[in-house]
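Visitor: The structure under discussion is supplied below as structure tokens; questions concerning it will follow.
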Protein chains: 2
Amino acid sequence: MNIVVFGLGALGVAFATFLKEDGHKVYGITKEKYLPYLKDKILKVEGIWGEHEAKLDGIYSSVDDIKENIDLILLTVKSYDTEKAVKEIKKIVSENTYVLVAQNGYGNYEIVSKEIGKEHTLLARVIFGSKVIKPGHVKITVNADDVRIGDPSRTIPEEEIIKIACAIKHAGIPASYDKNVYKTLWDKILYNSALNPLGALLECSYGTLAENKETKQVMDNIIEEIFTVAKAHNIELNWNSPEEYKKHFYENLIPPTKDHFPSMYYDIKEGKKTEIDALNGAIVKLAKEKGIKVPVNETVVNLLKTKEKLSLMNKTVS
Amino acid sequence: MNIVVFGLGALGVAFATFLKEDGHKVYGITKEKYLPYLKDKILKVEGIWGEHEAKLDGIYSSVDDIKENIDLILLTVKSYDTEKAVKEIKKIVSENTYVLVAQNGYGNYEIVSKEIGKEHTLLARVIFGSKVIKPGHVKITVNADDVRIGDPSRTIPEEEIIKIACAIKHAGIPASYDKNVYKTLWDKILYNSALNPLGALLECSYGTLAENKETKQVMDNIIEEIFTVAKAHNIELNWNSPEEYKKHFYENLIPPTKDHFPSMYYDIKEGKKTEIDALNGAIVKLAKEKGIKVPVNETVVNLLKTKEKLSLMNKTVS
């Protein structure tokens with residue numbers, strides 16, 4: 001396949017390295033400022049999946065340099081860059097191109113499928129942990145589950161989706177076809193929305209948030225508000241009630257990750273932008289569309305955004 | 001007068017020093033752990049009201065050592081110690097004793113007047129800034145307004161209240177009689193509830209909180225919820241609507257204090273307990289009594305309490 005990985009961050013480098021290593025033609029798109037570090041086009045992966053290295057067929061800051069017909073585009077930018085990325089991607093989408101949205105949170109699939117067409121857009125729920133060591137070099141730290149790939153709109157033939165999932169799996173990244181990928185993604189939205197902003201605000205681990213009755217109450221409220229919003233939008237979740245999800249959340253999901261700090265915590269520590277707008281921020285937006293009140297999510301978003309701003313300011317000052 | 005100052009913290013030391021200097025007989029009650037530092041019974045005040053020093057007639061950890069008839073007891077402990085203090089105080093309240101509740105937040109006057117009787121209980125709204133330099137030695141940093149003294153229950157003769165206000169004023173602490181002291185106290189509750197927990201959570205100044213649209217929205221919500229709760233409890237405020245108060249808050253109250261960080265910020269930094277239960281925590285409790293939802297105050301309380309706990313834990317560890 002001819003593949004473009006759009007966004008060479010923690011996830012993008014992992015996908016690009018494995019896919020290139022497996023014999024595909026792979027181009028990478030990254031921000032202009034990272035190009036000087038990637039002149040040799042060599043990407044590296046280390047960590048739980050072993051050491052890997054691959055030389056891409058091209059690394060550019062724009063798709064204008066790509067002249068070939070592209071079969072698959074992996075969208076791996078942070079969700080606050082999706083709008084911008086999709087305008088670029090559109091230029092290289094032809095009749096047989098699929099765009100695989102491999103990002104966090106709500107809104108990315110919606111933006112891409114609207115702009116590029118449902119018949120070209122696939123969704124992935126990615127849940128392995130990858131950390132940038134330096135530009136083009138990442139470390140895989142943990143894998144919670146397969147990359148789940150599917151088509152929320154059910155317009156793309158299943159065999160086409162399975163072919164893509166198999167290619168990724170064959171390259172060395174555990175992946176599988178998921179008929180209900182949208183529900184699977186929402187599971188991650190629930191999990192991240194409950195934990196990430198509170199862990200970042202209070203600078204503590206998932207375990208601390210769950211053990212402590214005050215933060216547990218806030219997380220319960222966040223989850224309940226998300227269920228209300230999902231229902232109003234006819235978004236199907238994997239759970240019949242907030243109670244059912246909360247039981248799963250506290251009994252099965254928290255214990256194995258109790259020492260983790262959320263990525264949002266590290267983003268803020270490093271003076272980076274967070275993906276709050278694709279998590280609790282998206283819930284607030286969806287609630288407003290239906291005239292629903294989600295005061296707990298809204299308060300958490302407002303506090304997190306302020307902390308993010310103050311941390312960005314400190315970064316600029318120091 | 002024979003006076004007992006119950007609680008020799010930032011406010012108590014200031015009151016005790018000035019009243020003793022002015023010729024009253026003054027006893028101080030403090031925690032056992034501070035007694036070794038106060039063996040010479042000498043208290044000191046510095047700052048905007050000049051340098052003052054006075055030797056009290058006794059400093060004890062219990063009222064059992066006080067044998068005289070007491071005219072006035074100033075209650076100056078932190079609000080989380082009020083329940084315990086009032087049990088002690090009760091022992092030395094005789095027919096002609098007044099207890100002046102000079103604390104922060106909601107609930108202190110209510111506890112004291114219930115236990116000791118409305119006919120013995122006066123309320124003060126204290127709004128000068130005092131900082132402990134070391135046990136028995138404080139610095140007055142700022143004075144926003146007179147100490148306002150009154151009787152919310154209107155059972156104590158006005159001339160008695162005026163006598164006490166005059167004694168305090170004569171001693172050198174600006175003070176005056178306030179017929180509507182309860183409304184005046186609620187003004188401070190509004191101000192502190194909007195600013196203190198957010199400044200402590202986000203570690204920023206009042207000005208930053210007011211300039212930033214996200215925190216401004218949270219403060220607006222906190223204020224609106226307090227107005228709803230006050231209305232349900234028939235608590236009269238100085239303002240007809242949240243809008244009227246917010247205008248005053250942002251236009252008149254914030255600008256002169258914009259560089260201030262709340263005391264709660266310093267409490268948490270120093271690993272101390274905060275007075276959140278007498279501010280937003282009291283709002284949550286009052287709301288529950290009437291079956292009203294105050295999700296923004298509740299979320300802020302939960303987050304602040306967690307931060308407080310984590311900071312106390314760090315203090316114990318280090």
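Starting from 1 in every chain, residues are counted up; chains themselves are A, B, ... following the order of the structure tokens, and ligands are numbered from 1 as listed.
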Residues of chain A that approach chain B to 8 Å or less, counting only C-alpha atoms: could you list each one with the shortest pair of atoms and its distance in Å to one decimal, rows by chain and increasing residue number, as CSV?
Guide:
```
residue,atom,partner,partner_atom,distance
A:Leu201,CA,B:Leu201,CA,7.9
A:Leu202,CA,B:Lys307,CA,6.2
A:Asn212,CA,B:Thr306,CA,7.4
A:Glu214,CA,B:Asn302,CA,4.7
A:Thr215,CA,B:Asn302,CA,6.2
A:Gln217,CA,B:Asn302,CA,7.7
A:Val218,CA,B:Thr299,CA,6.2
A:Pro295,CA,B:Pro295,CA,6.2
A:Val296,CA,B:Pro295,CA,6.2
A:Thr299,CA,B:Val218,CA,6.2
A:Asn302,CA,B:Glu214,CA,4.7
A:Leu303,CA,B:Thr215,CA,6.5
A:Lys305,CA,B:Glu214,CA,7.2
A:Thr306,CA,B:Glu214,CA,6.5
A:Lys307,CA,B:Leu202,CA,6.2
```
Visitor: Please run DSSP on the backbone and report, as a PyMOL selection string, all residues within segment 46-111 of chain B that come out as helix (DSSP H, G or I).
Guide: chain B and resi 63-65+79-90+108-111
Visitor: For the strand (DSSP E) assignment from backbone DSSP, which residues of segment 91-250 of chain A qualify? Please present them as a PDB file with C-alpha atoms, in the first residue's frame.
Guide:
```
ATOM      1  CA  TYR A  98      -9.274   5.602   3.109  1.00  0.00           C
ATOM      2  CA  VAL A  99      -8.556   7.988   5.955  1.00  0.00           C
ATOM      3  CA  LEU A 100      -8.144   6.246   9.302  1.00  0.00           C
ATOM      4  CA  VAL A 101      -8.863   8.656  12.153  1.00  0.00           C
ATOM      5  CA  THR A 121     -13.437   7.658   6.614  1.00  0.00           C
ATOM      6  CA  LEU A 122     -12.568   4.943   9.127  1.00  0.00           C
ATOM      7  CA  LEU A 123     -12.249   5.281  12.857  1.00  0.00           C
ATOM      8  CA  ALA A 124      -9.662   3.714  15.150  1.00  0.00           C
ATOM      9  CA  ARG A 125      -9.665   3.503  18.914  1.00  0.00           C
ATOM     10  CA  PHE A 128      -1.455   1.708  23.476  1.00  0.00           C
ATOM     11  CA  GLY A 129       0.860   4.113  25.254  1.00  0.00           C
ATOM     12  CA  SER A 130       3.628   5.791  23.312  1.00  0.00           C
ATOM     13  CA  LYS A 131       6.030   8.510  24.436  1.00  0.00           C
ATOM     14  CA  VAL A 132       8.151  10.791  22.292  1.00  0.00           C
ATOM     15  CA  ILE A 133      11.822  10.510  23.273  1.00  0.00           C
ATOM     16  CA  LYS A 134      12.911  12.955  20.590  1.00  0.00           C
ATOM     17  CA  HIS A 137      11.900   8.393  18.151  1.00  0.00           C
ATOM     18  CA  VAL A 138       9.245   6.952  20.454  1.00  0.00           C
ATOM     19  CA  LYS A 139       8.910   4.382  23.210  1.00  0.00           C
ATOM     20  CA  ILE A 140       5.909   2.061  23.508  1.00  0.00           C
ATOM     21  CA  THR A 141       5.130   1.874  27.230  1.00  0.00           C
ATOM     22  CA  VAL A 142       1.934  -0.142  27.526  1.00  0.00           C
ATOM     23  CA  ASN A 143      -0.745  -1.831  25.410  1.00  0.00           C
ATOM     24  CA  VAL A 147      -6.192  -0.952  17.911  1.00  0.00           C
ATOM     25  CA  ARG A 148      -9.882  -1.311  17.077  1.00  0.00           C
ATOM     26  CA  ILE A 149     -10.837  -0.245  13.572  1.00  0.00           C
ATOM     27  CA  GLY A 150     -14.288   0.187  12.121  1.00  0.00           C
ATOM     28  CA  ALA A 175      -5.221  -4.495  15.638  1.00  0.00           C
ATOM     29  CA  SER A 176      -8.651  -5.876  14.842  1.00  0.00           C
ATOM     30  CA  TYR A 177     -11.879  -5.037  13.084  1.00  0.00           C
TER      31      TYR A 177
END
```
Visitor: Give me, as a compact mmCIF listing (two decimals) with C-alpha atoms, in the first residue's frame, all polymer residues having an atom no more than 12 Å from segment 277-279 of chain A, counting only C-alpha atoms and skipping those fewer than 3 positions away in the same chain.
Guide:
```txt
# COMPACT_ATOMS: atom_id res chain seq x y z
CA LYS A 78 -3.62 15.99 18.28
CA SER A 79 -7.34 16.65 18.09
CA TYR A 80 -6.94 20.44 18.28
CA ASP A 81 -5.13 20.21 14.89
CA THR A 82 -7.76 18.11 13.13
CA GLN A 103 -6.99 10.15 17.55
CA ASN A 104 -8.39 10.80 20.99
CA GLY A 105 -11.80 12.04 21.99
CA TYR A 106 -15.00 13.14 20.30
CA GLY A 107 -15.26 15.24 17.14
CA ASN A 108 -12.38 14.04 14.97
CA TYR A 109 -14.31 11.39 13.06
CA GLU A 110 -17.19 13.85 12.72
CA ILE A 111 -14.98 16.56 11.20
CA LEU A 185 -14.30 4.99 21.21
CA TRP A 186 -16.94 6.34 23.59
CA ASP A 187 -15.69 3.94 26.24
CA LYS A 188 -12.34 5.67 26.01
CA ILE A 189 -14.02 9.10 26.04
CA LEU A 190 -15.80 8.16 29.28
CA TYR A 191 -12.60 6.89 30.86
CA ASN A 192 -10.47 9.84 29.80
CA SER A 193 -13.09 12.48 30.64
CA ALA A 194 -13.48 11.14 34.16
CA LEU A 195 -9.78 10.85 34.90
CA ASN A 196 -7.66 13.16 32.76
CA PRO A 197 -8.71 16.67 33.75
CA ILE A 222 -18.90 13.65 35.08
CA ILE A 223 -19.92 10.13 34.00
CA ILE A 226 -21.97 12.18 29.78
CA MET A 264 -2.97 15.81 30.35
CA LYS A 273 -1.87 22.33 24.91
CA THR A 274 -4.20 19.59 26.17
CA ALA A 282 -16.91 18.15 23.61
CA ILE A 283 -19.45 17.05 26.23
CA VAL A 284 -20.15 20.69 27.10
CA LYS A 285 -20.58 21.52 23.42
CA LEU A 286 -22.88 18.54 22.78
CA ASN A 297 -18.06 18.96 33.17
CA GLU A 298 -18.27 22.68 32.46
CA VAL A 300 -13.85 21.08 35.22
CA VAL A 301 -13.25 22.34 31.66
CA ASN A 302 -13.07 25.95 32.86
CA LEU A 304 -8.44 22.93 33.39
CA LYS A 305 -8.35 25.54 30.62
CA GLU A 308 -3.43 25.17 30.85
```
Visitor: Find the residue from A:Phe227, A:Tyr60, A:Tyr266, A:Tyr206 that sits nearest to Ile254 of chain A; use only C-alpha atoms when measuring.
Guide: A:Tyr206
Visitor: Counting only C-alpha atoms, which of B:Phe261, B:Glu115, B:Glu236, B:Thr97 gets nearest to Glu83 of chain B?
Guide: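 For Glu83 of chain B, the nearest of the candidates is B:Glu115.
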Visitor: Pick out the residues sitting within 10 Å of Tyr245 of chain B, and hand them over as an MDAnalysis selection string; count only C-alpha atoms, and ignore anything fewer than 3 positions along from it in its own chain.
Guide: chainID B and resid 187 190:191 220 223:224 227 237:242 248:251
Visitor: Please write the residues from the selection above to a file, keeping all heavy atoms, as a compact mmCIF listing (two decimals), in the first residue's frame.
Guide:
```
# COMPACT_ATOMS: atom_id res chain seq x y z
N ASP B 187 -21.81 39.35 52.71
CA ASP B 187 -21.03 39.97 51.65
C ASP B 187 -19.63 39.37 51.59
O ASP B 187 -19.08 39.13 50.52
CB ASP B 187 -20.89 41.48 51.91
CG ASP B 187 -21.89 42.26 51.10
OD1 ASP B 187 -22.77 41.64 50.47
OD2 ASP B 187 -21.79 43.50 51.10
N LEU B 190 -19.81 35.80 50.21
CA LEU B 190 -19.90 35.82 48.75
C LEU B 190 -18.51 36.03 48.14
O LEU B 190 -18.09 35.29 47.25
CB LEU B 190 -20.83 36.96 48.30
CG LEU B 190 -22.31 36.69 48.28
CD1 LEU B 190 -23.10 38.01 48.16
CD2 LEU B 190 -22.69 35.78 47.10
N TYR B 191 -17.84 37.05 48.62
CA TYR B 191 -16.52 37.43 48.10
C TYR B 191 -15.53 36.28 48.26
O TYR B 191 -14.86 35.85 47.31
CB TYR B 191 -16.06 38.67 48.85
CG TYR B 191 -14.72 39.23 48.47
CD1 TYR B 191 -14.56 40.01 47.33
CD2 TYR B 191 -13.60 39.04 49.30
CE1 TYR B 191 -13.33 40.55 47.00
CE2 TYR B 191 -12.37 39.59 48.98
CZ TYR B 191 -12.24 40.34 47.83
OH TYR B 191 -11.02 40.89 47.51
N ASP B 220 -19.04 33.37 38.49
CA ASP B 220 -20.44 33.78 38.26
C ASP B 220 -21.39 32.68 38.72
O ASP B 220 -22.39 32.95 39.39
CB ASP B 220 -20.68 34.05 36.76
CG ASP B 220 -20.05 35.35 36.29
OD1 ASP B 220 -19.55 36.11 37.15
OD2 ASP B 220 -20.03 35.60 35.08
N ILE B 223 -21.54 32.43 42.54
CA ILE B 223 -22.34 33.53 43.09
C ILE B 223 -23.84 33.28 42.87
O ILE B 223 -24.66 33.44 43.78
CB ILE B 223 -21.89 34.88 42.45
CG1 ILE B 223 -20.48 35.24 42.94
CG2 ILE B 223 -22.89 36.00 42.75
CD1 ILE B 223 -19.79 36.34 42.15
N GLU B 224 -24.19 32.87 41.65
CA GLU B 224 -25.61 32.61 41.36
C GLU B 224 -26.18 31.52 42.26
O GLU B 224 -27.30 31.64 42.78
CB GLU B 224 -25.78 32.24 39.88
CG GLU B 224 -25.64 33.46 38.97
CD GLU B 224 -25.18 33.12 37.56
OE1 GLU B 224 -25.33 31.93 37.15
OE2 GLU B 224 -24.67 34.02 36.87
N PHE B 227 -26.86 32.87 45.75
CA PHE B 227 -28.10 33.66 45.81
C PHE B 227 -29.33 32.74 45.89
O PHE B 227 -30.27 33.01 46.65
CB PHE B 227 -28.22 34.60 44.59
CG PHE B 227 -27.62 35.95 44.84
CD1 PHE B 227 -26.24 36.14 44.80
CD2 PHE B 227 -28.41 37.04 45.17
CE1 PHE B 227 -25.67 37.38 45.05
CE2 PHE B 227 -27.86 38.29 45.42
CZ PHE B 227 -26.49 38.46 45.36
N LEU B 237 -29.66 39.31 51.67
CA LEU B 237 -28.35 39.79 51.21
C LEU B 237 -28.45 41.28 50.94
O LEU B 237 -29.54 41.85 50.89
CB LEU B 237 -27.94 39.03 49.95
CG LEU B 237 -27.86 37.50 50.08
CD1 LEU B 237 -27.51 36.86 48.73
CD2 LEU B 237 -26.81 37.09 51.13
N ASN B 238 -27.29 41.90 50.78
CA ASN B 238 -27.27 43.33 50.49
C ASN B 238 -27.64 43.65 49.05
O ASN B 238 -27.63 44.81 48.66
CB ASN B 238 -25.86 43.88 50.75
CG ASN B 238 -25.71 44.38 52.18
OD1 ASN B 238 -26.67 44.91 52.74
ND2 ASN B 238 -24.53 44.21 52.75
N TRP B 239 -27.92 42.63 48.24
CA TRP B 239 -28.10 42.82 46.80
C TRP B 239 -29.38 42.16 46.35
O TRP B 239 -29.73 41.10 46.81
CB TRP B 239 -26.89 42.23 46.05
CG TRP B 239 -25.63 42.57 46.75
CD1 TRP B 239 -25.02 41.85 47.74
CD2 TRP B 239 -24.88 43.77 46.61
NE1 TRP B 239 -23.92 42.52 48.21
CE2 TRP B 239 -23.81 43.71 47.53
CE3 TRP B 239 -24.99 44.89 45.77
CZ2 TRP B 239 -22.86 44.72 47.64
CZ3 TRP B 239 -24.04 45.90 45.88
CH2 TRP B 239 -22.99 45.80 46.81
N ASN B 240 -30.05 42.81 45.40
CA ASN B 240 -31.33 42.29 44.93
C ASN B 240 -31.19 41.11 44.00
O ASN B 240 -32.12 40.32 43.85
CB ASN B 240 -32.12 43.40 44.22
CG ASN B 240 -32.57 44.45 45.22
OD1 ASN B 240 -33.06 44.11 46.29
ND2 ASN B 240 -32.37 45.72 44.88
N SER B 241 -30.03 41.02 43.34
CA SER B 241 -29.86 39.95 42.35
C SER B 241 -28.39 39.62 42.22
O SER B 241 -27.52 40.43 42.56
CB SER B 241 -30.38 40.41 40.99
OG SER B 241 -29.54 41.44 40.50
N PRO B 242 -28.07 38.41 41.72
CA PRO B 242 -26.67 38.07 41.46
C PRO B 242 -26.01 39.10 40.53
O PRO B 242 -24.84 39.44 40.70
CB PRO B 242 -26.74 36.70 40.77
CG PRO B 242 -28.09 36.17 41.02
CD PRO B 242 -28.99 37.31 41.38
N HIS B 248 -20.87 44.88 41.28
CA HIS B 248 -20.10 45.43 42.40
C HIS B 248 -18.78 44.65 42.58
O HIS B 248 -17.71 45.24 42.77
CB HIS B 248 -20.96 45.34 43.66
CG HIS B 248 -20.28 45.76 44.92
ND1 HIS B 248 -19.82 47.05 45.14
CD2 HIS B 248 -19.95 45.05 46.05
CE1 HIS B 248 -19.26 47.12 46.34
NE2 HIS B 248 -19.32 45.93 46.91
N PHE B 249 -18.88 43.34 42.49
CA PHE B 249 -17.73 42.44 42.69
C PHE B 249 -16.61 42.75 41.69
O PHE B 249 -15.47 43.00 42.07
CB PHE B 249 -18.24 41.00 42.55
CG PHE B 249 -17.20 39.92 42.69
CD1 PHE B 249 -16.64 39.60 43.92
CD2 PHE B 249 -16.80 39.17 41.57
CE1 PHE B 249 -15.71 38.57 44.05
CE2 PHE B 249 -15.87 38.14 41.69
CZ PHE B 249 -15.33 37.85 42.93
N TYR B 250 -16.96 42.74 40.40
CA TYR B 250 -15.93 42.92 39.38
C TYR B 250 -15.47 44.37 39.26
O TYR B 250 -14.31 44.62 39.00
CB TYR B 250 -16.41 42.40 38.01
CG TYR B 250 -16.58 40.89 37.98
CD1 TYR B 250 -17.84 40.31 37.87
CD2 TYR B 250 -15.47 40.05 38.07
CE1 TYR B 250 -17.99 38.92 37.85
CE2 TYR B 250 -15.62 38.67 38.06
CZ TYR B 250 -16.89 38.11 37.95
OH TYR B 250 -17.03 36.75 37.93
N GLU B 251 -16.40 45.31 39.50
CA GLU B 251 -16.04 46.71 39.28
C GLU B 251 -15.40 47.37 40.50
O GLU B 251 -14.50 48.20 40.37
CB GLU B 251 -17.28 47.52 38.85
CG GLU B 251 -17.69 47.17 37.42
CD GLU B 251 -18.92 47.95 36.95
OE1 GLU B 251 -19.32 48.93 37.62
OE2 GLU B 251 -19.48 47.55 35.92
```
Visitor: In Å, rounded to a single decimal, give me how far atom CA of Pro262 of chain B is from atom CA of Gly199 of chain B.
Guide: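 For atom CA of Gly199 of chain B relative to atom CA of Pro262 of chain B, the distance reads 6.1 Å.
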Visitor: From the set B:Val13, B:Val126, B:Leu253, B:Val5, which residue has the shortest atom-to-atom contact distance to Ile70 of chain B, counting only C-alpha atoms?
Guide: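 Among the listed residues, B:Val5 lies closest to Ile70 of chain B.
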Visitor: So, with only C-alpha atoms as the atoms that count, which of A:His233, A:Asn314, A:Ala210, A:Asp267 lies closest to Lys288 of chain A?
Guide: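 Counting only C-alpha atoms, the residue closest to Lys288 of chain A is A:His233.
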